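So this block is target.cif, mmCIF, C-alpha atoms:
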data_final
loop_
_atom_site.group_PDB
_atom_site.id
_atom_site.type_symbol
_atom_site.label_atom_id
_atom_site.label_comp_id
_atom_site.auth_asym_id
_atom_site.auth_seq_id
_atom_site.Cartn_x
_atom_site.Cartn_y
_atom_site.Cartn_z
ATOM 1 C CA MET A 1232 7.510 -41.568 0.772
ATOM 2 C CA MET A 1233 9.561 -39.159 -1.291
ATOM 3 C CA GLU A 1234 12.019 -37.328 0.943
ATOM 4 C CA LEU A 1235 12.391 -33.632 0.198
ATOM 5 C CA GLU A 1236 16.154 -33.783 -0.289
ATOM 6 C CA LYS A 1237 15.715 -36.446 -2.971
ATOM 7 C CA VAL A 1238 13.320 -34.366 -5.074
ATOM 8 C CA PRO A 1239 15.942 -32.341 -7.019
ATOM 9 C CA ALA A 1240 17.875 -35.401 -8.182
ATOM 10 C CA VAL A 1241 14.698 -37.104 -9.341
ATOM 11 C CA TYR A 1242 12.693 -34.268 -10.824
ATOM 12 C CA LEU A 1243 14.877 -31.338 -11.811
ATOM 13 C CA ASN A 1244 15.167 -32.596 -15.338
ATOM 14 C CA GLU A 1245 12.942 -31.463 -18.209
ATOM 15 C CA SER A 1246 12.492 -34.918 -19.724
ATOM 16 C CA THR A 1247 11.532 -36.502 -16.393
ATOM 17 C CA ALA A 1248 9.133 -33.645 -15.682
ATOM 18 C CA ILE A 1249 7.466 -34.156 -19.061
ATOM 19 C CA ASP A 1250 7.167 -37.906 -18.368
ATOM 20 C CA THR A 1251 5.489 -37.221 -15.015
ATOM 21 C CA LEU A 1252 3.134 -34.606 -16.485
ATOM 22 C CA THR A 1253 2.356 -36.889 -19.420
ATOM 23 C CA LYS A 1254 1.245 -39.646 -17.056
ATOM 24 C CA ALA A 1255 -0.988 -37.181 -15.208
ATOM 25 C CA LEU A 1256 -2.492 -35.970 -18.489
ATOM 26 C CA LYS A 1257 -3.187 -39.498 -19.758
ATOM 27 C CA GLU A 1258 -4.677 -40.697 -16.477
ATOM 28 C CA GLY A 1259 -6.781 -37.579 -15.902
ATOM 29 C CA TYR A 1260 -5.259 -36.061 -12.777
ATOM 30 C CA LEU A 1261 -3.550 -32.964 -14.210
ATOM 31 C CA THR A 1262 -4.716 -29.494 -13.155
ATOM 32 C CA VAL A 1263 -3.340 -26.410 -14.917
ATOM 33 C CA PHE A 1264 -2.851 -23.303 -12.789
ATOM 34 C CA ILE A 1265 -2.411 -20.157 -14.890
ATOM 35 C CA GLY A 1266 -1.422 -16.608 -14.021
ATOM 36 C CA ALA A 1267 -1.072 -13.185 -15.592
ATOM 37 C CA GLY A 1268 1.899 -14.254 -17.693
ATOM 38 C CA VAL A 1269 -0.448 -16.298 -19.884
ATOM 39 C CA SER A 1270 -2.675 -13.395 -20.932
ATOM 40 C CA LYS A 1271 0.318 -11.099 -21.387
ATOM 41 C CA SER A 1272 2.140 -13.686 -23.491
ATOM 42 C CA ALA A 1273 -0.933 -14.216 -25.664
ATOM 43 C CA THR A 1274 -1.144 -10.536 -26.578
ATOM 44 C CA ARG A 1275 0.906 -7.528 -25.538
ATOM 45 C CA ALA A 1276 -2.318 -5.551 -25.400
ATOM 46 C CA PHE A 1277 -2.972 -7.050 -21.974
ATOM 47 C CA PRO A 1278 -1.064 -5.107 -19.299
ATOM 48 C CA ASP A 1279 1.260 -6.924 -16.947
ATOM 49 C CA TRP A 1280 0.691 -6.541 -13.215
ATOM 50 C CA VAL A 1281 3.036 -3.560 -12.839
ATOM 51 C CA SER A 1282 1.473 -1.722 -15.771
ATOM 52 C CA LEU A 1283 -2.061 -2.343 -14.535
ATOM 53 C CA VAL A 1284 -1.236 -1.029 -11.051
ATOM 54 C CA ARG A 1285 0.551 1.972 -12.556
ATOM 55 C CA GLN A 1286 -2.411 2.821 -14.792
ATOM 56 C CA CYS A 1287 -4.868 2.502 -11.899
ATOM 57 C CA CYS A 1288 -2.698 4.868 -9.857
ATOM 58 C CA GLU A 1289 -2.571 7.391 -12.685
ATOM 59 C CA ALA A 1290 -6.342 7.247 -13.089
ATOM 60 C CA LYS A 1291 -6.938 7.980 -9.387
ATOM 61 C CA GLU A 1292 -3.897 10.214 -8.807
ATOM 62 C CA VAL A 1293 -2.274 7.844 -6.358
ATOM 63 C CA PRO A 1294 1.549 8.111 -6.024
ATOM 64 C CA PHE A 1295 3.478 5.341 -7.756
ATOM 65 C CA ASP A 1296 7.176 4.739 -7.095
ATOM 66 C CA GLU A 1297 8.926 3.322 -10.168
ATOM 67 C CA GLU A 1298 11.906 2.303 -8.048
ATOM 68 C CA LYS A 1299 9.785 -0.187 -6.111
ATOM 69 C CA ILE A 1300 8.145 -2.051 -8.967
ATOM 70 C CA GLU A 1301 10.164 -5.209 -8.228
ATOM 71 C CA SER A 1302 8.361 -5.530 -4.904
ATOM 72 C CA ASN A 1303 5.087 -7.427 -5.178
ATOM 73 C CA GLU A 1304 4.227 -6.350 -1.652
ATOM 74 C CA TYR A 1305 4.594 -2.705 -2.676
ATOM 75 C CA LEU A 1306 2.310 -3.247 -5.660
ATOM 76 C CA ARG A 1307 -0.355 -4.894 -3.513
ATOM 77 C CA HIS A 1308 -0.208 -2.069 -0.974
ATOM 78 C CA THR A 1309 -0.354 0.544 -3.729
ATOM 79 C CA ILE A 1310 -3.408 -0.915 -5.453
ATOM 80 C CA GLU A 1311 -5.030 -1.003 -2.014
ATOM 81 C CA ASN A 1312 -4.587 2.783 -1.884
ATOM 82 C CA VAL A 1313 -6.386 3.009 -5.213
ATOM 83 C CA GLU A 1314 -9.186 0.750 -4.000
ATOM 84 C CA ARG A 1315 -9.748 2.944 -0.944
ATOM 85 C CA LYS A 1316 -10.414 5.943 -3.177
ATOM 86 C CA CYS A 1317 -13.225 4.177 -5.058
ATOM 87 C CA SER A 1318 -16.505 2.504 -4.362
ATOM 88 C CA GLN A 1319 -16.249 -1.238 -4.906
ATOM 89 C CA SER A 1320 -18.170 -1.091 -8.171
ATOM 90 C CA ASP A 1321 -16.099 1.834 -9.454
ATOM 91 C CA PHE A 1322 -12.885 0.008 -8.599
ATOM 92 C CA LEU A 1323 -13.936 -3.094 -10.524
ATOM 93 C CA GLU A 1324 -14.967 -0.987 -13.515
ATOM 94 C CA LEU A 1325 -11.596 0.801 -13.436
ATOM 95 C CA VAL A 1326 -9.618 -2.443 -13.374
ATOM 96 C CA GLU A 1327 -11.799 -3.946 -16.097
ATOM 97 C CA GLN A 1328 -11.518 -0.908 -18.345
ATOM 98 C CA LEU A 1329 -7.733 -0.654 -18.064
ATOM 99 C CA MET A 1330 -7.218 -4.418 -18.355
ATOM 100 C CA TYR A 1331 -9.048 -4.691 -21.682
ATOM 101 C CA GLU A 1332 -7.991 -1.368 -23.179
ATOM 102 C CA GLY A 1333 -6.673 -2.148 -26.657
ATOM 103 C CA VAL A 1334 -7.459 -5.885 -26.406
ATOM 104 C CA GLU A 1335 -9.326 -7.480 -29.302
ATOM 105 C CA TYR A 1336 -10.538 -11.060 -29.316
ATOM 106 C CA ASP A 1337 -9.995 -11.805 -32.991
ATOM 107 C CA ILE A 1338 -8.675 -14.437 -35.369
ATOM 108 C CA GLN A 1339 -5.080 -13.264 -34.980
ATOM 109 C CA LEU A 1340 -5.233 -13.761 -31.228
ATOM 110 C CA MET A 1341 -6.746 -17.183 -31.888
ATOM 111 C CA LYS A 1342 -3.488 -18.220 -33.584
ATOM 112 C CA THR A 1343 -1.298 -17.379 -30.588
ATOM 113 C CA ASP A 1344 1.088 -20.268 -29.896
ATOM 114 C CA LEU A 1345 0.507 -20.189 -26.142
ATOM 115 C CA LEU A 1346 -3.289 -20.350 -26.476
ATOM 116 C CA VAL A 1347 -2.947 -23.196 -28.954
ATOM 117 C CA SER A 1348 -0.722 -25.168 -26.589
ATOM 118 C CA LEU A 1349 -2.897 -24.514 -23.531
ATOM 119 C CA GLY A 1350 -5.973 -25.455 -25.521
ATOM 120 C CA SER A 1351 -4.300 -28.705 -26.549
ATOM 121 C CA LEU A 1352 -3.622 -29.583 -22.907
ATOM 122 C CA VAL A 1353 -7.178 -28.830 -21.837
ATOM 123 C CA MET A 1354 -9.136 -30.264 -24.755
ATOM 124 C CA ASN A 1355 -9.717 -33.906 -23.936
ATOM 125 C CA SER A 1356 -8.887 -36.627 -26.435
ATOM 126 C CA LEU A 1357 -7.876 -40.291 -26.403
ATOM 127 C CA ARG A 1358 -4.480 -39.248 -25.015
ATOM 128 C CA GLY A 1359 -6.181 -37.531 -22.074
ATOM 129 C CA GLY A 1360 -6.735 -33.948 -20.979
ATOM 130 C CA ALA A 1361 -6.431 -31.668 -17.988
ATOM 131 C CA ARG A 1362 -9.039 -32.280 -15.311
ATOM 132 C CA ALA A 1363 -9.430 -28.608 -14.401
ATOM 133 C CA VAL A 1364 -7.957 -25.145 -14.849
ATOM 134 C CA VAL A 1365 -7.410 -22.752 -11.969
ATOM 135 C CA ASN A 1366 -7.252 -19.320 -13.568
ATOM 136 C CA TYR A 1367 -5.865 -16.546 -11.348
ATOM 137 C CA ASN A 1368 -6.501 -13.960 -14.072
ATOM 138 C CA PHE A 1369 -9.585 -11.763 -14.063
ATOM 139 C CA ASP A 1370 -10.103 -12.021 -17.842
ATOM 140 C CA ASP A 1371 -12.005 -14.541 -19.973
ATOM 141 C CA LEU A 1372 -9.368 -14.992 -22.684
ATOM 142 C CA LEU A 1373 -8.956 -18.735 -22.195
ATOM 143 C CA GLU A 1374 -12.706 -19.269 -21.972
ATOM 144 C CA TRP A 1375 -13.206 -17.374 -25.231
ATOM 145 C CA TYR A 1376 -10.580 -19.500 -26.964
ATOM 146 C CA LEU A 1377 -12.020 -22.813 -25.760
ATOM 147 C CA ALA A 1378 -15.624 -21.864 -26.522
ATOM 148 C CA TYR A 1379 -14.662 -20.724 -30.031
ATOM 149 C CA HIS A 1380 -13.453 -24.271 -30.708
ATOM 150 C CA GLY A 1381 -16.734 -25.763 -29.493
ATOM 151 C CA PHE A 1382 -15.337 -26.900 -26.175
ATOM 152 C CA CYS A 1383 -17.876 -27.112 -23.335
ATOM 153 C CA ILE A 1384 -16.577 -25.287 -20.272
ATOM 154 C CA ASP A 1385 -18.016 -24.688 -16.840
ATOM 155 C CA ILE A 1386 -16.802 -21.313 -15.573
ATOM 156 C CA VAL A 1387 -16.715 -21.329 -11.787
ATOM 157 C CA SER A 1388 -16.497 -17.763 -10.539
ATOM 158 C CA LYS A 1389 -18.438 -18.333 -7.322
ATOM 159 C CA TYR A 1390 -17.917 -21.218 -4.946
ATOM 160 C CA PRO A 1391 -19.619 -23.340 -3.764
ATOM 161 C CA THR A 1392 -21.833 -23.701 -6.783
ATOM 162 C CA LEU A 1393 -23.450 -26.481 -8.772
ATOM 163 C CA LEU A 1394 -20.871 -28.001 -11.112
ATOM 164 C CA ARG A 1395 -22.395 -28.645 -14.511
ATOM 165 C CA ASN A 1396 -21.551 -31.337 -17.033
ATOM 166 C CA SER A 1397 -18.668 -30.013 -19.121
ATOM 167 C CA ASP A 1398 -15.405 -30.893 -20.816
ATOM 168 C CA VAL A 1399 -13.464 -28.947 -18.183
ATOM 169 C CA SER A 1400 -14.108 -26.661 -15.224
ATOM 170 C CA VAL A 1401 -12.283 -23.322 -15.132
ATOM 171 C CA TYR A 1402 -12.057 -21.867 -11.630
ATOM 172 C CA HIS A 1403 -11.504 -18.145 -10.919
ATOM 173 C CA PRO A 1404 -10.602 -17.949 -7.218
ATOM 174 C CA HIS A 1405 -9.227 -14.379 -7.433
ATOM 175 C CA GLY A 1406 -12.281 -12.977 -9.203
ATOM 176 C CA PHE A 1407 -13.694 -12.726 -12.709
ATOM 177 C CA LEU A 1408 -14.183 -9.618 -14.865
ATOM 178 C CA PRO A 1409 -15.152 -11.020 -18.279
ATOM 179 C CA ARG A 1410 -15.051 -9.055 -21.496
ATOM 180 C CA LEU A 1411 -17.694 -11.051 -23.348
ATOM 181 C CA ASP A 1412 -21.382 -10.334 -22.747
ATOM 182 C CA VAL A 1413 -22.159 -14.055 -22.649
ATOM 183 C CA HIS A 1414 -20.078 -14.306 -19.463
ATOM 184 C CA ARG A 1415 -21.280 -11.128 -17.765
ATOM 185 C CA TYR A 1416 -23.679 -12.919 -15.442
ATOM 186 C CA LEU A 1417 -20.636 -14.654 -13.923
ATOM 187 C CA ARG A 1418 -18.872 -11.384 -13.088
ATOM 188 C CA THR A 1419 -17.782 -11.291 -9.447
ATOM 189 C CA GLN A 1420 -18.468 -8.485 -6.990
ATOM 190 C CA ASP A 1421 -14.922 -8.504 -5.684
ATOM 191 C CA ILE A 1422 -11.379 -9.407 -6.756
ATOM 192 C CA ILE A 1423 -8.262 -10.388 -4.857
ATOM 193 C CA PHE A 1424 -5.821 -7.703 -5.957
ATOM 194 C CA SER A 1425 -4.812 -5.608 -2.940
ATOM 195 C CA GLU A 1426 -2.769 -6.508 0.136
ATOM 196 C CA GLN A 1427 -5.852 -6.443 2.344
ATOM 197 C CA LYS A 1428 -7.745 -8.863 0.087
ATOM 198 C CA TYR A 1429 -4.725 -11.196 -0.079
ATOM 199 C CA GLN A 1430 -4.452 -11.238 3.707
ATOM 200 C CA ARG A 1431 -8.134 -12.021 4.105
ATOM 201 C CA ALA A 1432 -7.917 -14.847 1.575
ATOM 202 C CA MET A 1433 -4.808 -16.302 3.207
ATOM 203 C CA THR A 1434 -6.033 -16.215 6.802
ATOM 204 C CA SER A 1435 -9.597 -17.417 6.271
ATOM 205 C CA GLU A 1436 -10.102 -20.870 7.732
ATOM 206 C CA VAL A 1437 -13.587 -21.245 6.256
ATOM 207 C CA SER A 1438 -13.063 -19.895 2.728
ATOM 208 C CA PRO A 1439 -14.757 -22.206 0.192
ATOM 209 C CA TRP A 1440 -12.214 -21.069 -2.392
ATOM 210 C CA ASN A 1441 -9.347 -22.197 -0.192
ATOM 211 C CA GLU A 1442 -11.064 -25.550 0.214
ATOM 212 C CA VAL A 1443 -11.445 -26.195 -3.505
ATOM 213 C CA GLN A 1444 -7.866 -25.130 -4.248
ATOM 214 C CA ARG A 1445 -6.493 -27.355 -1.491
ATOM 215 C CA ALA A 1446 -8.585 -30.237 -2.832
ATOM 216 C CA LEU A 1447 -7.183 -29.806 -6.340
ATOM 217 C CA LEU A 1448 -3.620 -29.441 -5.053
ATOM 218 C CA GLY A 1449 -4.014 -32.538 -2.909
ATOM 219 C CA CYS A 1450 -5.814 -34.794 -5.390
ATOM 220 C CA THR A 1451 -4.224 -33.857 -8.730
ATOM 221 C CA LEU A 1452 -0.811 -32.907 -10.074
ATOM 222 C CA GLY A 1453 -0.463 -29.188 -10.722
ATOM 223 C CA LEU A 1454 1.207 -27.521 -13.682
ATOM 224 C CA PHE A 1455 1.823 -23.845 -12.911
ATOM 225 C CA VAL A 1456 2.161 -21.599 -15.965
ATOM 226 C CA GLY A 1457 2.501 -17.822 -16.192
ATOM 227 C CA LEU A 1458 3.008 -17.423 -12.447
ATOM 228 C CA SER A 1459 5.998 -15.734 -10.833
ATOM 229 C CA GLY A 1460 6.139 -18.085 -7.868
ATOM 230 C CA GLU A 1461 5.817 -15.118 -5.524
ATOM 231 C CA ASP A 1462 2.082 -15.106 -4.874
ATOM 232 C CA PRO A 1463 1.708 -15.409 -1.069
ATOM 233 C CA HIS A 1464 -1.781 -16.891 -1.258
ATOM 234 C CA ILE A 1465 -0.788 -19.704 -3.621
ATOM 235 C CA ALA A 1466 2.377 -20.348 -1.601
ATOM 236 C CA ALA A 1467 0.350 -20.640 1.612
ATOM 237 C CA LEU A 1468 -2.076 -23.102 0.005
ATOM 238 C CA CYS A 1469 0.745 -25.257 -1.352
ATOM 239 C CA ASP A 1470 2.521 -25.208 1.997
ATOM 240 C CA LYS A 1471 -0.637 -26.370 3.788
ATOM 241 C CA VAL A 1472 -1.306 -29.205 1.357
ATOM 242 C CA TYR A 1473 2.266 -30.453 1.002
ATOM 243 C CA ASN A 1474 3.464 -30.244 4.586
ATOM 244 C CA GLU A 1475 0.282 -30.893 6.548
ATOM 245 C CA ILE A 1476 -2.361 -32.586 4.428
ATOM 246 C CA ILE A 1477 -0.355 -35.078 2.351
ATOM 247 C CA GLY A 1478 2.694 -35.087 4.621
ATOM 248 C CA LYS A 1479 5.313 -34.707 1.858
ATOM 249 C CA GLU A 1480 4.354 -38.066 0.356
ATOM 250 C CA ARG A 1481 4.741 -36.699 -3.149
ATOM 251 C CA ILE A 1482 5.308 -33.448 -4.950
ATOM 252 C CA ILE A 1483 2.161 -31.489 -5.740
ATOM 253 C CA GLY A 1484 3.214 -29.820 -8.960
ATOM 254 C CA PHE A 1485 5.691 -28.335 -11.425
ATOM 255 C CA GLN A 1486 6.204 -24.646 -12.076
ATOM 256 C CA VAL A 1487 7.573 -23.594 -15.462
ATOM 257 C CA LEU A 1488 9.970 -20.662 -15.112
ATOM 258 C CA LYS A 1489 12.523 -18.903 -17.257
ATOM 259 C CA ASP A 1490 16.030 -20.099 -16.414
ATOM 260 C CA GLU A 1491 17.524 -17.089 -14.674
ATOM 261 C CA THR A 1492 19.144 -16.305 -11.344
ATOM 262 C CA LYS A 1493 15.934 -15.036 -9.758
ATOM 263 C CA SER A 1494 14.131 -18.281 -10.592
ATOM 264 C CA ARG A 1495 16.978 -20.440 -9.309
ATOM 265 C CA GLU A 1496 16.955 -18.539 -6.023
ATOM 266 C CA LYS A 1497 13.306 -19.599 -5.512
ATOM 267 C CA GLU A 1498 14.119 -23.285 -5.968
ATOM 268 C CA GLY A 1499 14.416 -24.195 -2.288
ATOM 269 C CA TYR A 1500 11.416 -22.043 -1.378
ATOM 270 C CA ASN A 1501 9.205 -23.831 -3.891
ATOM 271 C CA LEU A 1502 10.535 -27.299 -3.051
ATOM 272 C CA SER A 1503 9.674 -26.788 0.613
ATOM 273 C CA ARG A 1504 6.073 -26.365 -0.580
ATOM 274 C CA GLY A 1505 6.109 -29.382 -2.884
ATOM 275 C CA ILE A 1506 6.583 -27.434 -6.119
ATOM 276 C CA VAL A 1507 9.424 -28.363 -8.475
ATOM 277 C CA ASN A 1508 10.798 -25.723 -10.829
ATOM 278 C CA VAL A 1509 11.179 -26.657 -14.487
ATOM 279 C CA TYR A 1510 13.307 -24.260 -16.485
ATOM 280 C CA ILE A 1511 13.018 -23.087 -20.065
ATOM 281 C CA SER A 1512 15.576 -20.863 -21.780
ATOM 282 C CA ASP A 1513 12.982 -18.339 -22.894
ATOM 283 C CA TYR A 1514 9.232 -17.827 -22.535
ATOM 284 C CA ASP A 1515 8.929 -18.320 -26.298
ATOM 285 C CA LYS A 1516 9.801 -21.967 -25.607
ATOM 286 C CA LEU A 1517 6.780 -22.448 -23.333
ATOM 287 C CA PRO A 1518 4.282 -23.453 -26.066
ATOM 288 C CA ASP A 1519 6.584 -26.205 -27.312
ATOM 289 C CA PHE A 1520 7.130 -27.450 -23.757
ATOM 290 C CA LEU A 1521 3.358 -27.729 -23.244
ATOM 291 C CA LEU A 1522 2.801 -29.342 -26.624
ATOM 292 C CA SER A 1523 5.584 -31.856 -25.927
ATOM 293 C CA ILE A 1524 3.430 -33.185 -23.057
ATOM 294 C CA CYS A 1525 0.519 -33.646 -25.463
ATOM 295 C CA ARG A 1526 2.712 -35.265 -28.122
ATOM 296 C CA ARG A 1527 4.266 -37.684 -25.660
ATOM 297 C CA ALA A 1528 0.834 -38.596 -24.255
ATOM 298 C CA ALA A 1529 -0.269 -39.407 -27.812
ATOM 299 C CA GLY A 1530 2.834 -41.541 -28.386
ATOM 300 C CA LEU A 1531 4.253 -39.147 -30.973
ATOM 301 C CA SER A 1532 7.561 -38.444 -29.255
#
Translate this file's structure into structure tokens.
Amino acid sequence: MMELEKVPAVYLNESTAIDTLTKALKEGYLTVFIGAGVSKSATRAFPDWVSLVRQCCEAKEVPFDEEKIESNEYLRHTIENVERKCSQSDFLELVEQLMYEGVEYDIQLMKTDLLVSLGSLVMNSLRGGARAVVNYNFDDLLEWYLAYHGFCIDIVSKYPTLLRNSDVSVYHPHGFLPRLDVHRYLRTQDIIFSEQKYQRAMTSEVSPWNEVQRALLGCTLGLFVGLSGEDPHIAALCDKVYNEIIGKERIIGFQVLKDETKSREKEGYNLSRGIVNVYISDYDKLPDFLLSICRRAAGLS
């Protein structure tokens, strides 16, 4: 059994992290968990979380306090105020419209370093590939990229569902608002965006989505990319799996974060949930970090 206090000495090292992730990739037990930072890094046309909440507030004339934008709890409460002013269908249409405003799925976006590196991790080859992707974004950017390259994907926007034969399954536990017509039939009737929806997701003991996420966290090694580490739902799931289900027998994943004071302050919090922080000097270094896993798995470095 790996004792918690021994985790930093063993794992808080980029090379060791890459070795561990490489083994998971080669042996088929790597799951990639991606957040809003992935879409935003791929193209600046996608709004970040703060911008999307701000735009929704402006559209529905809901007060928005710029001095509180560092508080994720404030943002969740604020978007809940927007949601209350709309019918459910109108709210989803508003979020979808503002999320894709100015976004073009074109050849230039196809060349984005981050999409290339994520695609390399997911696309199976002799050196292995990710078993699944858990996509906390509402968009279908990654699905578009993979399908363009002829990769067979099974988009899971409702669960439980029949899992079809595919190269990889992409799960959308927080909801799915696709841009492409070919994916429209998979559009969900709700999204987890507001404080109320987060609380319901966190406290549900019978949620199928919680079950599948706990299964992936417990049976594979997670690589968390484009996530702030401050999502209460993800933290609760990791805590349950690490401390209760697997009893701290091993870590459950690595989270790639920019090396800054705020990230370092979350180190103990994440470790207590089985997640080890891996630091990069700048987000521009993320594609090379991901590709280094692929290269090492192929014996090229």
Residue nearest Ala1378 (chain A) among A:Ala1267, A:Ile1476, A:Ile1422, A:Leu1411 (counting all atoms listed in the file):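 Comparing A:Ala1267, A:Ile1476, A:Ile1422, A:Leu1411 against Ala1378 (chain A), the winner is A:Leu1411.
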Result set of the PyMOL selection byres ((chain A and resi 1420) around 9) on the coordinates above, as a tab-separated table (two decimals) with C-alpha atoms, keeping the file's coordinate frame:
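Output saved as expr-v5.tsv:
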chain	number	residue	atom	x	y	z
A	1319	GLN	CA	-16.25	-1.24	-4.91
A	1320	SER	CA	-18.17	-1.09	-8.17
A	1323	LEU	CA	-13.94	-3.09	-10.52
A	1406	GLY	CA	-12.28	-12.98	-9.20
A	1407	PHE	CA	-13.69	-12.73	-12.71
A	1418	ARG	CA	-18.87	-11.38	-13.09
A	1419	THR	CA	-17.78	-11.29	-9.45
A	1421	ASP	CA	-14.92	-8.50	-5.68
A	1422	ILE	CA	-11.38	-9.41	-6.76
Reference answer for the PyMOL selection byres ((chain A and resi 1385-1397) around 8), as a list in words: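 Applied to this file, the PyMOL selection byres ((chain A and resi 1385-1397) around 8) selects Glu1374, Cys1383, Ile1384, Asp1398, Val1399, Ser1400, Val1401, Tyr1402, His1403, Pro1404, Gly1406, Phe1407, Leu1417, Arg1418, Thr1419, Pro1439 and Trp1440 of chain A.
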Which residue of A:Phe1277, A:Tyr1510, A:Phe1382, A:Phe1520 approaches Glu1332 (chain A) most closely, using only C-alpha atoms: A:Phe1277
Distance criterion (all atoms listed in the file): nearest to Leu1531 (chain A) out of A:Thr1253, A:Arg1410, A:Pro1463, A:Leu1448: A:Thr1253
Who sits within 6 Å of region 1339-1350 of chain A, all atoms listed in the file, same chain under 5 positions skipped, as a list in words: Ala1273, Pro1518, Leu1521 and Leu1522 of chain A
Can I get the selected residues back with C-alpha atoms, as a PDB file, keeping the file's coordinate frame?
ATOM      1  CA  ALA A1273      -0.933 -14.216 -25.664  1.00  0.00           C
ATOM      2  CA  PRO A1518       4.282 -23.453 -26.066  1.00  0.00           C
ATOM      3  CA  LEU A1521       3.358 -27.729 -23.244  1.00  0.00           C
ATOM      4  CA  LEU A1522       2.801 -29.342 -26.624  1.00  0.00           C
TER       5      LEU A1522
END
The PyMOL selection byres ((chain A and resi 1502) around 10) resolved against shown file, as a list in words: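 Against this file, the PyMOL selection byres ((chain A and resi 1502) around 10) returns the residues Leu1235, Glu1236, Val1238, Pro1239, Asp1470, Tyr1473, Ile1482, Ile1483, Gly1484, Phe1485, Lys1497, Glu1498, Gly1499, Tyr1500, Asn1501, Ser1503, Arg1504, Gly1505, Ile1506, Val1507 and Asn1508 of chain A.
The gap separating CA of Leu1454 (chain A) from CA of Ile1310 (chain A) is 28.2 Å, in Å to one decimal.
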Straight-line distance linking CA of Asp1250 (chain A) with CA of Trp1375 (chain A), stated in Å to one decimal: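 It comes out at 29.7 Å.
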Ala1361 (chain A) environment, 12 Å, all atoms listed in the file, sequence neighbours closer than 5 positions dropped, as a ChimeraX atom specification: /A:1252-1264,1349-1356,1398-1401,1447,1451-1454,1521,1524-1525,1528
Point-to-point distance in Å for CA of Leu1468 (chain A) and CA of Thr1434 (chain A): 10.5 Å
Using only C-alpha atoms, what table do you get, as CSV, when you list each residue of region 1396-1449 of chain A with an atom no more than 12 Å from region 1291-1306 of chain A, its nearest pair of atoms, and their distance in Å rounded to one decimal, rows by chain then rising number?
residue,atom,partner,partner_atom,distance
A:Phe1424,CA,A:Leu1306,CA,9.3
A:Ser1425,CA,A:Leu1306,CA,8.0
A:Glu1426,CA,A:Glu1304,CA,7.2
A:Gln1427,CA,A:Glu1304,CA,10.8
A:Tyr1429,CA,A:Glu1304,CA,10.3
A:Gln1430,CA,A:Glu1304,CA,11.3
Of the listed residues A:His1405, A:Arg1307, A:Lys1493, A:His1414, that which approaches Ile1465 (chain A) most closely, counting only C-alpha atoms: A:His1405
